[in-house]
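Visitor: Shown below is the structure under consideration.
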2 protein chains.
Amino acid sequence: MSFDRLIENIVRTQNPSVVGLDPRLEYVPEYIVEKKIKKYGKTLKAASKAILEFNKAIIDEIHDICPAIKPQAAYYEMYGWEGVKTLTKTIEYAQSKGMFVMTDGKRNDIGATMDAYATAHLGLTEVGGELIPAFGADALTVNGYLGTDGITPLLEKCREYDKGIFVLVKTSNKSSGELQDLKLGSKTVYATMGDMCEKWGSDNIGKYGYSAVGAVVGATYPEQLSEMRAALPHTFFLVPGYGAQGGGAEGVSKGFDKNGLGAIVNSSRAVMCAYKKEECDPHDFAKAARREVIRMKEDIISFLPKIKLPD
Amino acid sequence: MSFDRLIENIVRTQNPSVVGLDPRLEYVPEYIVEKKIKKYGKTLKAASKAILEFNKAIIDEIHDICPAIKPQAAYYEMYGWEGVKTLTKTIEYAQSKGMFVMTDGKRNDIGATMDAYATAHLGLTEVGGELIPAFGADALTVNGYLGTDGITPLLEKCREYDKGIFVLVKTSNKSSGELQDLKLGSKTVYATMGDMCEKWGSDNIGKYGYSAVGAVVGATYPEQLSEMRAALPHTFFLVPGYGAQGGGAEGVSKGFDKNGLGAIVNSSRAVMCAYKKEECDPHDFAKAARREVIRMKEDIISFLPKIKLPD
């Protein structure tokens, strides 16, 4: 139930990190892009096919040492419906290799419309009596600004199909405080949202103590990570902002519990573009990605207790 | 600039309403769905082709009397990448008929990722030096929970390509108050978000006095519509919740200015499913949609001054 499958993947790989697959075309080695442009012209299709080849090669290299991927929907939408097709194929491929897939879409709406998003990303769509997965991720990031009406339809899919959501609580960006840090009486907006996550998840707690409703809390705010870890004992954290945005391994350790669980740390560009930083042969981009996944894992777990399932 | 093209469409049609194209497959007349299933099987492709035929027929019937459509991304994502292809084709078709298209995606992210969404929905994507529209809407709904970092990339696209955004301020749903009505000192969360809209739009005000940064304010909260209309003189409102959700024409009139401008009211299901309510021949679904558009327009403008461009 809930994030149990993710937690089991983390314990198996001893790696509490997730690779963000946010593939701008300029991250893809030129030889791949040129090959696709030769075949399909300078089109969104060529770009989308290049990105799919790139993603699959990275998944092939990391699936045994990394529990999950987090494709960011924006980078696929950027290439139109062809790009969205690549998102679908990427999700399918990663799941076929045993990885947990969290689509980073930050979707938000109400009632029937939120139900459509929940169906799209976590559920099954009906056509003439057939039930078909549209995207079929294991988890989805969502925005809770609209309140419970926007979250309820997701909770139903989480229960029905064993899926999870991550609600934005305290985001990693510089201006996140403009709204999120404002005080509602004695409590900040982000802490209020955090409390809502505990409440929304209370009906669906998995066997390792975490509910199906997780929270996004940025690596760039270690104090808030610490505060939220203490306040939200059943809420699993997705932690963006490690590396490029300035969050360090010691800081992100504040988001974990005494079993080295309770959080998963994202890295996107550092993994996808490891071959550029290493200045290695671009044909070795996937092996360079693997090396970066191992480096990041070692960095993060050096500040954590041994990762294990709770007694 | 900004919402000038939308405002000109509203004045030309004397109609401050927008049709939400949120086509669940069960809204599409059975004879269309059956025809597509016969051709493509019980697949997401069949559903997506049926929806496209439905949308085009409605656009054909209403483009001369209705200024804009608002396709809701969720209902297309529900049918996977084939559905997203239908969204693309729907946007293209409506624009070819002179309609203003606002994609209801409530997208939200930060920095480079928000830039990718902005490029996807409002800008042009580069592939090997070619610049290609991915979705090419005229406006996009967005969520401002992440602060200025999430909005800045959109403002650049608005300026560069003459587009607009609508930021969620006070949504139409019942639980919208859980967060949005909380008090930050003397000000509510929604009023704070409204102030941010005025600030974000201040550099890009069009010739009719409204900026490129609009706000979503629900028809179900006439008092807040009135409060926001007074507080945000340069912010154009997208008003959901009329009809099915309980918002009436007198209530929505609070969102308009003295020229009958400043707001556009959405209706989705009442238009798409007008043929069901009328119990007319399903083959006449598009003509029934036209009748509902006219009924709604007459209802709304009966509470407004004559719609005209400002002196």
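Chain labels run A, B, ... following the order of the structure tokens; each chain numbers its residues from 1, and ligands are numbered from 1 in the order shown.
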Please report as CSV every residue of chain A lying within 7 Å of chain B, along with the nearest atom pair and their distance in Å (one decimal), using only C-alpha atoms.
Guide:
```
residue,atom,partner,partner_atom,distance
A:Lys42,CA,B:Val127,CA,5.6
A:Thr43,CA,B:Val127,CA,6.3
A:Leu44,CA,B:Val127,CA,6.9
A:Ala47,CA,B:Val127,CA,6.6
A:Ala74,CA,B:Tyr117,CA,4.9
A:Tyr75,CA,B:Ala116,CA,5.7
A:Glu77,CA,B:Ala120,CA,5.6
A:Met78,CA,B:Ala120,CA,4.0
A:Tyr79,CA,B:Ala134,CA,5.7
A:Gly80,CA,B:Ala134,CA,4.3
A:Trp81,CA,B:Lys85,CA,5.1
A:Val84,CA,B:Trp81,CA,5.5
A:Lys85,CA,B:Trp81,CA,5.1
A:Lys106,CA,B:Asn108,CA,6.5
A:Arg107,CA,B:Arg107,CA,6.9
A:Asn108,CA,B:Lys106,CA,6.5
A:Ile110,CA,B:Asn173,CA,6.9
A:Thr113,CA,B:Ala74,CA,6.2
A:Ala116,CA,B:Ala74,CA,5.4
A:Tyr117,CA,B:Ala74,CA,4.9
A:Thr119,CA,B:Met78,CA,6.1
A:Ala120,CA,B:Met78,CA,4.0
A:Thr125,CA,B:Met78,CA,6.5
A:Val127,CA,B:Lys42,CA,5.6
A:Gly128,CA,B:Lys42,CA,5.8
A:Glu130,CA,B:Lys42,CA,6.4
A:Ala134,CA,B:Gly80,CA,4.3
A:Phe135,CA,B:Gly80,CA,6.1
A:Tyr145,CA,B:Leu179,CA,6.6
A:Leu146,CA,B:Ser176,CA,5.1
A:Gly147,CA,B:Ser175,CA,5.4
A:Thr148,CA,B:Ser175,CA,5.9
A:Asp149,CA,B:Ser175,CA,5.9
A:Thr171,CA,B:Leu146,CA,6.7
A:Asn173,CA,B:Ile110,CA,6.9
A:Ser175,CA,B:Gly147,CA,5.4
A:Ser176,CA,B:Leu146,CA,5.1
A:Glu178,CA,B:Gly147,CA,5.7
A:Leu179,CA,B:Gly147,CA,6.4
A:Leu182,CA,B:Leu184,CA,6.5
A:Lys183,CA,B:Leu184,CA,5.6
A:Leu184,CA,B:Leu184,CA,4.9
A:Gly185,CA,B:Leu184,CA,7.0
```
Visitor: Quick one: everything within 7 Å of segment 295-309 of chain A, counting only C-alpha atoms, minus sequence neighbours fewer than 2 positions away in the same chain. Send it as a ChimeraX atom specification.
Guide: /A:11,14-15,17,249-250,253,258-261,291-293,311
Visitor: In Å, with one decimal, what is the gap from atom CA of Ile51 of chain A to atom CA of Gly164 of chain B?
Guide: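 Taking atom CA of Ile51 of chain A as the start and atom CA of Gly164 of chain B as the end point, the length is 29.4 Å.
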Visitor: Please compute the atom CA of Met228 of chain A-atom CA of Leu155 of chain A distance, one decimal, in Å.
Guide: 21.4 Å
